[in-house]
Amino acid sequence: MVKYRAEELAKGQREISVSEFFEKNRHLLGFDNPLRALSTTVKELVDNSLDACEEMKVLPEIKVEIRQLTETRFEINVLDNGPGVVREQIPKVFAKLLYGSKFGRNTQSRGQQGIGVSASVLYGQLTTGKAAKIISKIGKNKSAHYYELKIDINKNEPLILKDQVVDFALDHGTKVEIELEGKYQKGKQSVEEYLKQTAIANPHAEIIYFNPLKEKIVFKRAVDKLPKEPKAIKLHPHGVEIGMFLRMAHESKSRNLQGFFSNEFSRISSNLAKKICDKVKVDCKMEPKLLTHVQADALVKGIRETKIMAPPLDCLSPIGEKAIIEGLKKEIRADFYTAITRRPKVYRGFPFEIEVGLCFGGDLPSDDLIRLIRLANKVPLQYQQGACAITKSVVQTSWRNYGLSQSKGALPAGSVVLLVHIASVWVPFTSEAKEAIAHYPEIIRELKLALQDIGRKLGSYIRKTVKVKEQRERASLFEKYIPEVASSLAVLSGEKKNKIEEQLKKILKKSLKEILQEIPDGDKAEMKNESVKKLKKEKQVTLA
């Protein structure tokens with residue numbers, strides 16, 4: 001009997017589960033080294049907690065604790081006051097990849113794919129062999145349920161090791177405990193830095209953090225108002241491709257194409273649907289399930305050639321200019337704070353909005369590159385900075401026009417913290433790790449315009465501050481010579497020296513008052529401190 005190579009190869013072929021794929025490719029999810037794994041796990045758990053609290057319309061109170069068990073092993077605990085998870089859903093939410101309620105909802109949220117928290121459970125399981133421990137309670141008069149869970153990697157299904165009712169201190173909320181291999185250190189890409197940036201982007205949240213050194217860090221709430229709740233919208237027709245269009249049509253319950261268009265897509269009325277069908281000569285009364293590939297191709301082309309109103313924008317929930325400034329003020333000491341929120345735009349049928357915040361001066365170092373905080377849907381992006389559209393846009397902006405020094409192809413230098421946020425129902429990340437924004441021309445264009453807007457505000461402040469300080473120095477210099485000038489004028493005019501001196505001081509006082517009206521509040525405080533120091537020094541000299 002002849003044996004064929006293809007038949008032999010066929011015996012080794014099998015279906016691979018998504019859990020098994022990510023078991024071997026965990027770097028795609030942000031678990032490529034122990035330092036990043038620790039930060040990524042905290043990030044996924046805190047992001048879930050923030051989303052849950054906002055959906056429940058309760059101000060987030062989140063407690064994060066990291067305990068070091070051995071040199072390379074850590075236990076992460078995250079507790080929140082969110083709505084909790086119903087008992088039946090706990091195993092799938094925490095121990096099944098690609099399981100969740102947010103994918104395809106077309107609304108702004110931190111999580112989208114149902115991968116993050118279960119990937120953290122998978123990483124902990126792979127590196128320590130330990131199960132994740134979850135306690136969740138959905139109401140005051142409800143029982144709290146405790147689970148110990150692992151993931152069946154071959155089937156991508158939860159393995160329930162323990163399921164029992166326990167006591168829980170909160171009326172509602174969730175506590176997750178994951179043991180994993182990691183590395184802890186402070187610095188730019190640390191857990192502390194992620195939580196600090198999260199606190200800036202989410203000033204309505206209070207986060208209490210206990211690090212492995214048993215230090216307690218509290219990120220206090222700066223605003224007592226929840227951000228605007230985003231609403232789910234239908235897919236905009238300009239964001240659809242032929243394969244997706246065919247699938248949607250064949251799965252549709254609408255009786256005809258006219259109804260399919262108006263029911264499944266935003267901004268398409270029955271009249272506009274008929275117009276598109278007539279334009280490409282497809283019967284608008286035909287059943288969507290009968291649509292052929294040729295007809296679908298013609299309809300998609302017809303959609304792209306038709307001017308359709310932009311999608312609704314209530315699916316977005318920006319941070320807001322006031323909240324950005326409050327967030328920056330509570331975490332960063334500076335002299336000048338400003339922020340701008342651009343009008344929403346659209347790419348591939350998806351709405352997005354760019355926000356930029358900036359603080360300048362104060363305790364920030366002036367001889368180093370600016371500190372760039374990148375955010376997507378209020379989540380900090382700590383890694384892959386060089387691959388991100390945000391970084392590219394900042395580098396390509398001419399910051400010399402706004403008073404900062406800048407080398408070619410590099411971030412500007414100066415005492416500045418620059419926050420850039422993109423809010424969208426679909427953020428185009430470069431990978432599943434969600435750390436860098438893809439280089440879409442529409443997004444790059446809007447980023448540059450926003451950066452130029454904030455740059456003009458910074459430039460205006462720097463020019464005004466420098467000008468005012470120079471005028472103040474001149475006034476101080478003139479004040480020193482008033483007695484000598486008054487003596488000379490008294491000799492020339494015959495007027496009394498004291499009278500001339502009083503008149504000159506009045507003129508100087510009026511001039512200083514006009515200057516002070518142009519000085520920002522931060523500089524006024526600095527001047528006041530300098531004046532107090534000067535008076536104390538003069539008093540000490542007099543007493544001596």
# chains A, B, ... in the order shown; residues from 1 in each chain; ligands from 1
>>> residues_around(residues="range 300-304 of chain A", least_positions_apart="6", cutoff="8 Å", atoms="only C-alpha atoms", output="mmCIF file with N, CA, C and O atoms, in the first residue's frame")
data_model
loop_
_atom_site.group_PDB
_atom_site.id
_atom_site.type_symbol
_atom_site.label_atom_id
_atom_site.label_comp_id
_atom_site.auth_asym_id
_atom_site.auth_seq_id
_atom_site.Cartn_x
_atom_site.Cartn_y
_atom_site.Cartn_z
ATOM 1 N N PRO A 237 -22.028 53.021 8.248
ATOM 2 C CA PRO A 237 -21.804 52.304 6.977
ATOM 3 C C PRO A 237 -20.437 52.538 6.357
ATOM 4 O O PRO A 237 -19.932 51.680 5.639
ATOM 5 N N HIS A 238 -19.816 53.677 6.615
ATOM 6 C CA HIS A 238 -18.499 53.937 6.036
ATOM 7 C C HIS A 238 -17.407 53.095 6.690
ATOM 8 O O HIS A 238 -16.269 53.082 6.218
ATOM 9 N N VAL A 240 -17.786 49.743 7.122
ATOM 10 C CA VAL A 240 -18.066 48.346 6.794
ATOM 11 C C VAL A 240 -17.279 47.913 5.561
ATOM 12 O O VAL A 240 -17.043 48.701 4.642
ATOM 13 N N GLU A 241 -16.829 46.643 5.577
ATOM 14 C CA GLU A 241 -16.142 46.059 4.424
ATOM 15 C C GLU A 241 -17.016 44.948 3.866
ATOM 16 O O GLU A 241 -17.927 44.455 4.548
ATOM 17 N N ILE A 242 -16.720 44.507 2.679
ATOM 18 C CA ILE A 242 -17.634 43.610 1.963
ATOM 19 C C ILE A 242 -17.883 42.297 2.710
ATOM 20 O O ILE A 242 -19.027 41.812 2.771
ATOM 21 N N PHE A 245 -20.119 43.027 5.584
ATOM 22 C CA PHE A 245 -21.443 43.398 5.064
ATOM 23 C C PHE A 245 -22.241 42.146 4.682
ATOM 24 O O PHE A 245 -23.427 42.019 5.016
ATOM 25 N N ILE A 276 -29.549 54.292 -2.245
ATOM 26 C CA ILE A 276 -28.303 53.542 -2.461
ATOM 27 C C ILE A 276 -28.572 52.307 -3.312
ATOM 28 O O ILE A 276 -27.820 52.000 -4.251
ATOM 29 N N CYS A 277 -29.657 51.583 -2.988
ATOM 30 C CA CYS A 277 -30.010 50.375 -3.759
ATOM 31 C C CYS A 277 -30.323 50.709 -5.219
ATOM 32 O O CYS A 277 -29.868 50.018 -6.139
ATOM 33 N N LYS A 279 -29.273 53.237 -6.883
ATOM 34 C CA LYS A 279 -28.051 53.735 -7.538
ATOM 35 C C LYS A 279 -27.227 52.596 -8.125
ATOM 36 O O LYS A 279 -26.638 52.725 -9.212
ATOM 37 N N VAL A 280 -27.169 51.454 -7.414
ATOM 38 C CA VAL A 280 -26.361 50.320 -7.892
ATOM 39 C C VAL A 280 -27.240 49.230 -8.517
ATOM 40 O O VAL A 280 -26.767 48.120 -8.777
#
>>> select_by_dssp(residues="range 185-355 of chain A", states="strand (DSSP E or B)", output="ChimeraX atom specification")
/A:206-210,216-219,235,265,336-341,345-347,350-355
>>> residues_around(residues="Leu419 in chain A", least_positions_apart="6", cutoff="9 Å", atoms="only C-alpha atoms", output="ChimeraX atom specification")
/A:201,324,328,339,355-359,371-375
>>> residues_around(residues="range 472-487 of chain A", least_positions_apart="4", cutoff="8 Å", atoms="only C-alpha atoms", output="list in words")
Val468, Val491, Lys497, Asn498, Ile500, Glu501, Leu504, Lys505, Leu508, Leu512 and Ile515 of chain A
>>> write_last_selection(atoms="N, CA and C atoms", output="tab-separated table (two decimals), in the first residue's frame")
chain	number	residue	atom	x	y	z
A	468	VAL	N	7.09	89.76	31.49
A	468	VAL	CA	6.71	90.34	32.77
A	468	VAL	C	7.87	90.30	33.76
A	491	VAL	N	17.94	119.15	43.63
A	491	VAL	CA	18.94	120.20	43.39
A	491	VAL	C	18.58	121.02	42.16
A	497	LYS	N	13.32	116.95	48.53
A	497	LYS	CA	13.70	115.58	48.15
A	497	LYS	C	12.63	114.56	48.53
A	498	ASN	N	12.04	114.67	49.73
A	498	ASN	CA	11.04	113.71	50.20
A	498	ASN	C	9.82	113.69	49.30
A	500	ILE	N	9.64	114.56	46.07
A	500	ILE	CA	9.99	113.96	44.76
A	500	ILE	C	10.07	112.44	44.89
A	501	GLU	N	10.65	112.00	46.00
A	501	GLU	CA	10.79	110.57	46.24
A	501	GLU	C	9.43	109.89	46.33
A	504	LEU	N	7.91	109.66	42.78
A	504	LEU	CA	8.56	108.59	41.98
A	504	LEU	C	8.08	107.21	42.42
A	505	LYS	N	7.92	107.02	43.74
A	505	LYS	CA	7.41	105.74	44.25
A	505	LYS	C	5.98	105.48	43.80
A	508	LEU	N	6.15	104.35	40.21
A	508	LEU	CA	6.63	102.96	40.17
A	508	LEU	C	5.55	101.99	40.62
A	512	LEU	N	4.02	98.94	38.50
A	512	LEU	CA	4.05	97.55	38.99
A	512	LEU	C	2.66	96.93	39.02
A	515	ILE	N	1.79	95.81	35.66
A	515	ILE	CA	2.54	94.60	35.32
A	515	ILE	C	1.92	93.38	36.00
>>> closest_residue(among="A:Gly124, A:Gly30, A:Pro227, A:Pro60", to="Glu75 in chain A", atoms="only C-alpha atoms")
A:Gly124
>>> closest_residue(among="A:Ala296, A:Ala144, A:Ile160, A:Leu246", to="Ala132 in chain A", atoms="only C-alpha atoms")
A:Ile160
>>> residues_around(residues="Ser143 in chain A", least_positions_apart="2", cutoff="12 Å", atoms="only C-alpha atoms", output="number ranges by chain")
A: 84-87, 135-141, 145-146, 164-173
>>> write_last_selection(atoms="N, CA, C and O atoms", output="JSON list (two decimals), in the first residue's frame")
[["chain", "number", "residue", "atom", "x", "y", "z"],
["A", 84, "GLY", "N", -20.03, 43.98, 41.02],
["A", 84, "GLY", "CA", -19.83, 42.54, 41.19],
["A", 84, "GLY", "C", -20.17, 41.78, 39.91],
["A", 84, "GLY", "O", -20.59, 42.35, 38.91],
["A", 85, "VAL", "N", -20.00, 40.46, 39.97],
["A", 85, "VAL", "CA", -20.29, 39.59, 38.82],
["A", 85, "VAL", "C", -21.21, 38.49, 39.30],
["A", 85, "VAL", "O", -20.98, 37.89, 40.35],
["A", 86, "VAL", "N", -22.28, 38.21, 38.54],
["A", 86, "VAL", "CA", -23.21, 37.16, 38.95],
["A", 86, "VAL", "C", -22.49, 35.82, 38.98],
["A", 86, "VAL", "O", -21.55, 35.57, 38.21],
["A", 87, "ARG", "N", -22.93, 34.95, 39.89],
["A", 87, "ARG", "CA", -22.22, 33.71, 40.17],
["A", 87, "ARG", "C", -21.93, 32.88, 38.91],
["A", 87, "ARG", "O", -20.81, 32.39, 38.71],
["A", 135, "ILE", "N", -13.52, 36.72, 44.68],
["A", 135, "ILE", "CA", -14.71, 36.89, 45.51],
["A", 135, "ILE", "C", -15.54, 38.00, 44.87],
["A", 135, "ILE", "O", -15.02, 39.06, 44.54],
["A", 136, "SER", "N", -16.85, 37.75, 44.72],
["A", 136, "SER", "CA", -17.71, 38.77, 44.12],
["A", 136, "SER", "C", -19.09, 38.77, 44.77],
["A", 136, "SER", "O", -19.63, 37.70, 45.11],
["A", 137, "LYS", "N", -19.62, 39.97, 44.94],
["A", 137, "LYS", "CA", -20.93, 40.14, 45.57],
["A", 137, "LYS", "C", -21.70, 41.21, 44.80],
["A", 137, "LYS", "O", -21.17, 42.28, 44.51],
["A", 138, "ILE", "N", -22.98, 40.93, 44.47],
["A", 138, "ILE", "CA", -23.73, 41.85, 43.61],
["A", 138, "ILE", "C", -24.72, 42.74, 44.38],
["A", 138, "ILE", "O", -25.33, 43.63, 43.77],
["A", 139, "GLY", "N", -24.88, 42.54, 45.67],
["A", 139, "GLY", "CA", -25.82, 43.37, 46.43],
["A", 139, "GLY", "C", -25.77, 43.11, 47.91],
["A", 139, "GLY", "O", -25.27, 42.06, 48.37],
["A", 140, "LYS", "N", -26.32, 44.06, 48.68],
["A", 140, "LYS", "CA", -26.27, 43.99, 50.14],
["A", 140, "LYS", "C", -26.92, 42.72, 50.69],
["A", 140, "LYS", "O", -26.42, 42.10, 51.63],
["A", 141, "ASN", "N", -28.03, 42.33, 50.12],
["A", 141, "ASN", "CA", -28.77, 41.17, 50.61],
["A", 141, "ASN", "C", -28.44, 39.89, 49.84],
["A", 141, "ASN", "O", -29.17, 38.90, 49.91],
["A", 145, "HIS", "N", -19.73, 35.14, 46.58],
["A", 145, "HIS", "CA", -19.28, 33.84, 46.06],
["A", 145, "HIS", "C", -17.77, 33.84, 45.85],
["A", 145, "HIS", "O", -17.20, 34.79, 45.31],
["A", 146, "TYR", "N", -17.14, 32.77, 46.31],
["A", 146, "TYR", "CA", -15.69, 32.62, 46.22],
["A", 146, "TYR", "C", -15.36, 31.49, 45.25],
["A", 146, "TYR", "O", -15.90, 30.39, 45.33],
["A", 164, "GLN", "N", -17.66, 28.36, 46.67],
["A", 164, "GLN", "CA", -18.33, 28.39, 47.97],
["A", 164, "GLN", "C", -18.80, 29.80, 48.32],
["A", 164, "GLN", "O", -18.37, 30.78, 47.73],
["A", 165, "VAL", "N", -19.71, 29.88, 49.30],
["A", 165, "VAL", "CA", -20.22, 31.15, 49.80],
["A", 165, "VAL", "C", -19.35, 31.59, 50.96],
["A", 165, "VAL", "O", -19.00, 30.79, 51.83],
["A", 166, "VAL", "N", -18.96, 32.89, 50.95],
["A", 166, "VAL", "CA", -18.08, 33.42, 52.00],
["A", 166, "VAL", "C", -18.60, 34.77, 52.48],
["A", 166, "VAL", "O", -19.52, 35.36, 51.89],
["A", 167, "ASP", "N", -18.02, 35.28, 53.54],
["A", 167, "ASP", "CA", -18.32, 36.64, 54.01],
["A", 167, "ASP", "C", -17.51, 37.64, 53.21],
["A", 167, "ASP", "O", -16.38, 37.37, 52.80],
["A", 168, "PHE", "N", -18.10, 38.82, 53.00],
["A", 168, "PHE", "CA", -17.44, 39.88, 52.22],
["A", 168, "PHE", "C", -17.79, 41.21, 52.86],
["A", 168, "PHE", "O", -18.96, 41.48, 53.15],
["A", 169, "ALA", "N", -16.78, 42.04, 53.12],
["A", 169, "ALA", "CA", -16.99, 43.27, 53.88],
["A", 169, "ALA", "C", -17.86, 44.30, 53.14],
["A", 169, "ALA", "O", -18.61, 45.04, 53.76],
["A", 170, "LEU", "N", -17.78, 44.34, 51.81],
["A", 170, "LEU", "CA", -18.51, 45.34, 51.04],
["A", 170, "LEU", "C", -19.92, 44.87, 50.68],
["A", 170, "LEU", "O", -20.19, 43.66, 50.61],
["A", 171, "ASP", "N", -20.82, 45.83, 50.45],
["A", 171, "ASP", "CA", -22.18, 45.49, 50.01],
["A", 171, "ASP", "C", -22.17, 44.96, 48.59],
["A", 171, "ASP", "O", -23.02, 44.15, 48.20],
["A", 172, "HIS", "N", -21.24, 45.43, 47.79],
["A", 172, "HIS", "CA", -21.10, 44.97, 46.39],
["A", 172, "HIS", "C", -19.67, 45.24, 45.96],
["A", 172, "HIS", "O", -19.00, 46.17, 46.44],
["A", 173, "GLY", "N", -19.18, 44.41, 45.07],
["A", 173, "GLY", "CA", -17.82, 44.59, 44.58],
["A", 173, "GLY", "C", -17.15, 43.28, 44.25],
["A", 173, "GLY", "O", -17.75, 42.20, 44.37]]
>>> residues_around(residues="Thr72 in chain A", least_positions_apart="6", cutoff="8 Å", atoms="only C-alpha atoms", output="list of chain:residue names")
A:Glu181, A:Gly182, A:Lys183
>>> write_last_selection(atoms="N, CA and C atoms", output="CSV table (one decimal), in the first residue's frame")
chain,number,residue,atom,x,y,z
A,181,GLU,N,4.8,35.1,38.6
A,181,GLU,CA,6.3,35.5,38.6
A,181,GLU,C,6.4,36.8,38.0
A,182,GLY,N,7.2,37.7,38.7
A,182,GLY,CA,7.3,39.1,38.2
A,182,GLY,C,8.6,39.7,38.7
A,183,LYS,N,8.7,41.0,38.5
A,183,LYS,CA,9.8,41.8,39.0
A,183,LYS,C,9.3,43.1,39.4
>>> residues_around(residues="Glu148 in chain A", least_positions_apart="6", cutoff="9 Å", atoms="only C-alpha atoms", output="VMD selection string")
chain A and resid 91 131 to 134 159 to 163
>>> atom_distance(atom1="CA of Thr40 in chain A", atom2="CA of Pro203 in chain A")
21.0 Å
>>> select_by_dssp(residues="range 174-338 of chain A", states="alpha helix (DSSP H)", output="JSON, numbers by chain")
{"A": [191, 192, 193, 194, 195, 196, 197, 198, 199, 200, 201, 242, 243, 244, 245, 246, 247, 248, 249, 250, 251, 257, 258, 259, 260, 261, 262, 263, 264, 270, 271, 272, 273, 274, 275, 276, 277, 278, 279, 293, 294, 295, 296, 297, 298, 299, 300, 301, 302, 303, 304, 321, 322, 323, 324, 325, 326, 327, 328, 329, 330, 331]}
>>> closest_residue(among="A:Ala389, A:Tyr184, A:Met56, A:Phe261", to="Phe429 in chain A", atoms="only C-alpha atoms")
A:Ala389
>>> closest_residue(among="A:Lys329, A:Gly129, A:Asp152, A:Asp51", to="Lys92 in chain A", atoms="only C-alpha atoms")
A:Asp152
>>> atom_distance(atom1="CA of Ser118 in chain A", atom2="CA of Val218 in chain A")
27.2 Å
>>> closest_residue(among="A:Ser262, A:Thr70, A:Thr174, A:Ser19", to="Val121 in chain A", atoms="only C-alpha atoms")
A:Ser19
>>> closest_residue(among="A:Asn211, A:Ser405, A:Thr430, A:Asn202", to="Ser366 in chain A", atoms="only C-alpha atoms")
A:Ser405
>>> atom_distance(atom1="CA of Val58 in chain A", atom2="CA of Val46 in chain A")
15.0 Å
